[in-house]
$ cat run21.cif   # mmCIF, C-alpha atoms
data_data
#
loop_
_atom_site.label_atom_id
_atom_site.label_comp_id
_atom_site.auth_asym_id
_atom_site.auth_seq_id
_atom_site.Cartn_x
_atom_site.Cartn_y
_atom_site.Cartn_z
CA MET B 1 0.69 -9.33 9.44
CA LYS B 2 3.20 -7.27 11.39
CA ILE B 3 5.36 -4.70 9.63
CA VAL B 4 8.92 -4.86 10.99
CA LYS B 5 10.77 -2.67 8.49
CA THR B 6 10.00 -0.20 5.72
CA GLY B 7 8.65 -1.87 2.60
CA MET B 8 8.49 -0.26 -0.83
CA ALA B 9 6.98 -1.18 -4.17
CA GLY B 10 6.24 0.56 -7.45
CA THR B 11 7.83 3.18 -9.63
CA MET B 12 7.30 6.78 -10.63
CA GLU B 13 6.40 5.80 -14.18
CA SER B 14 3.11 6.85 -15.73
CA SER B 15 0.18 4.56 -14.78
CA ASP B 16 2.00 3.27 -11.68
CA ILE B 17 2.05 4.06 -7.98
CA ASN B 18 4.94 4.09 -5.52
CA ILE B 19 3.95 2.71 -2.12
CA THR B 20 6.03 2.94 1.05
CA ILE B 21 4.76 1.19 4.19
CA GLU B 22 6.35 1.66 7.58
CA LYS B 23 5.46 0.83 11.15
CA ASN B 24 3.25 3.43 12.86
CA GLN B 25 4.34 4.26 16.41
CA GLU B 26 0.70 5.07 17.15
CA SER B 27 -2.28 2.84 16.50
CA GLY B 28 -4.17 2.84 13.24
CA ILE B 29 -3.49 3.25 9.55
CA LYS B 30 -2.43 6.63 8.18
CA ILE B 31 -2.40 7.21 4.44
CA TYR B 32 -0.56 10.11 2.85
CA LEU B 33 -1.39 10.41 -0.85
CA THR B 34 0.16 12.54 -3.57
CA SER B 35 -1.52 12.10 -6.93
CA SER B 36 -1.91 13.96 -10.19
CA VAL B 37 -5.54 12.77 -10.20
CA GLU B 38 -6.26 13.19 -6.48
CA LYS B 39 -9.28 15.46 -6.97
CA GLN B 40 -10.99 12.92 -9.21
CA PHE B 41 -9.82 9.60 -7.72
CA GLY B 42 -8.21 10.31 -4.33
CA ASP B 43 -11.03 8.75 -2.32
CA GLN B 44 -10.98 5.60 -4.48
CA ILE B 45 -7.19 5.25 -4.20
CA ARG B 46 -7.36 5.55 -0.40
CA LYS B 47 -10.22 3.03 -0.32
CA VAL B 48 -8.25 0.45 -2.33
CA ILE B 49 -5.16 0.91 -0.13
CA LEU B 50 -7.19 0.54 3.07
CA GLU B 51 -9.18 -2.48 1.85
CA THR B 52 -5.99 -4.24 0.76
CA LEU B 53 -4.33 -3.66 4.13
CA GLU B 54 -7.44 -4.89 5.95
CA GLN B 55 -7.55 -8.07 3.82
CA MET B 56 -3.92 -8.71 4.70
CA LYS B 57 -4.61 -7.97 8.38
CA VAL B 58 -2.03 -5.17 8.46
CA ASN B 59 -2.53 -2.65 11.27
CA ASP B 60 -0.67 0.28 12.75
CA VAL B 61 1.16 1.46 9.64
CA VAL B 62 1.92 4.66 7.78
CA VAL B 63 1.44 4.45 4.02
CA ARG B 64 2.97 7.00 1.68
CA ALA B 65 1.59 6.74 -1.83
CA VAL B 66 2.78 8.71 -4.85
CA ASP B 67 0.34 7.97 -7.66
CA ARG B 68 0.81 8.54 -11.38
CA GLY B 69 -2.60 7.32 -12.57
CA ALA B 70 -2.49 3.66 -11.48
CA LEU B 71 -5.49 1.38 -11.88
CA ASP B 72 -7.02 -0.31 -8.82
CA CYS B 73 -5.38 -3.66 -9.65
CA THR B 74 -1.95 -1.99 -9.78
CA ILE B 75 -2.58 -0.20 -6.48
CA ARG B 76 -3.53 -3.51 -4.82
CA ALA B 77 -0.46 -5.27 -6.18
CA ARG B 78 1.89 -2.52 -5.01
CA VAL B 79 0.35 -2.40 -1.51
CA GLN B 80 0.59 -6.20 -1.24
CA SER B 81 4.23 -6.19 -2.35
CA ALA B 82 5.23 -3.35 -0.02
CA ALA B 83 3.47 -5.02 2.94
CA MET B 84 5.10 -8.39 2.26
CA ARG B 85 8.51 -6.71 2.04
CA GLY B 86 7.85 -4.74 5.23
CA ALA B 87 6.85 -7.92 7.05
CA MET B 88 9.90 -9.72 5.66
CA SER B 89 7.65 -12.47 4.35
CA GLU B 90 8.10 -12.15 0.59
CA ASN B 91 8.63 -15.89 0.19
CA GLN B 92 5.66 -16.88 2.37
CA ILE B 93 2.73 -15.80 0.23
CA ASP B 94 -0.72 -16.92 1.38
CA TRP B 95 -2.54 -16.99 -1.96
CA GLY B 96 -5.84 -17.34 -0.10
CA LEU B 97 -5.58 -13.66 0.84
CA PHE B 98 -5.58 -12.62 -2.77
#

$ encode --input "run21.cif" --output "structure tokens"
Amino acid sequence: MKIVKTGMAGTMESSDINITIEKNQESGIKIYLTSSVEKQFGDQIRKVILETLEQMKVNDVVVRAVDRGALDCTIRARVQSAAMRGAMSENQIDWGLF
């Protein structure tokens, strides 16, 4: 999946995460995380973001995540939504990926 514009999903509410995905001018995936629980769960949050992007075959992106204590399932959903919006393919969901 190719990201063609900035995609966003999520809120700043408690137990949610705000994800912004944009095209990376360099190669690879860069994740910038701000979280109130980063010391305890930062590695797990990054892992879920990365695994979700890999499942969706998204490469060469910058992800900015502002976490407010979201569960893994919420993180996955927000990454998926932001990626679909960034790829301009919101109405072309391949349910086999999920």

$ closest_residue --input "run21.cif" --among "B:Gly42, B:Gly7, B:Gly86, B:Gly28" --to "Asp60 of chain B" --atoms "all atoms listed in the file"
B:Gly28

$ resolve_selection --input "run21.cif" --expression "the PyMOL selection byres ((chain B and resi 45-58) around 7)" --output "list in words"
Met1, Lys2, Phe41, Gly42, Asp43, Gln44, Asn59, Asp72, Ile75, Arg76, Val79 and Leu97 of chain B

$ atom_distance --input "run21.cif" --atom1 "atom CA of Ser36 of chain B" --atom2 "atom CA of Gln80 of chain B"
22.2 Å

$ closest_residue --input "run21.cif" --among "B:Val37, B:Met88, B:Ile29, B:Ile21" --to "Arg68 of chain B" --atoms "all atoms listed in the file"
B:Val37

$ closest_residue --input "run21.cif" --among "B:Glu13, B:Thr6, B:Val66, B:Ile19" --to "Ser35 of chain B" --atoms "all atoms listed in the file"
B:Val66

$ atom_distance --input "run21.cif" --atom1 "atom CA of Ala87 of chain B" --atom2 "atom CA of Glu38 of chain B"
28.3 Å

$ axis_aligned_box --input "run21.cif" --around "segment 56-68 of chain B" --padding-each-side "3 Å" --output "lines of an AutoDock Vina configuration file"
center_x = -0.8
center_y = 0.0
center_z = 0.7
size_x = 13.6
size_y = 23.4
size_z = 30.1

$ atom_distance --input "run21.cif" --atom1 "atom CA of Asn24 of chain B" --atom2 "atom CA of Ala83 of chain B"
13.0 Å

$ closest_residue --input "run21.cif" --among "B:Gly69, B:Val61, B:Thr74, B:Ile31" --to "Ser14 of chain B" --atoms "only C-alpha atoms"
B:Gly69

$ resolve_selection --input "run21.cif" --expression "the PyMOL selection byres ((chain B and resi 33) around 6)" --output "list in words"
Tyr32, Thr34 and Ala65 of chain B

$ closest_residue --input "run21.cif" --among "B:Lys23, B:Arg85, B:Lys30, B:Arg78" --to "Ala9 of chain B" --atoms "all atoms listed in the file"
B:Arg78

$ closest_residue --input "run21.cif" --among "B:Met8, B:Lys39, B:Ser15, B:Ser89" --to "Val63 of chain B" --atoms "only C-alpha atoms"
B:Met8
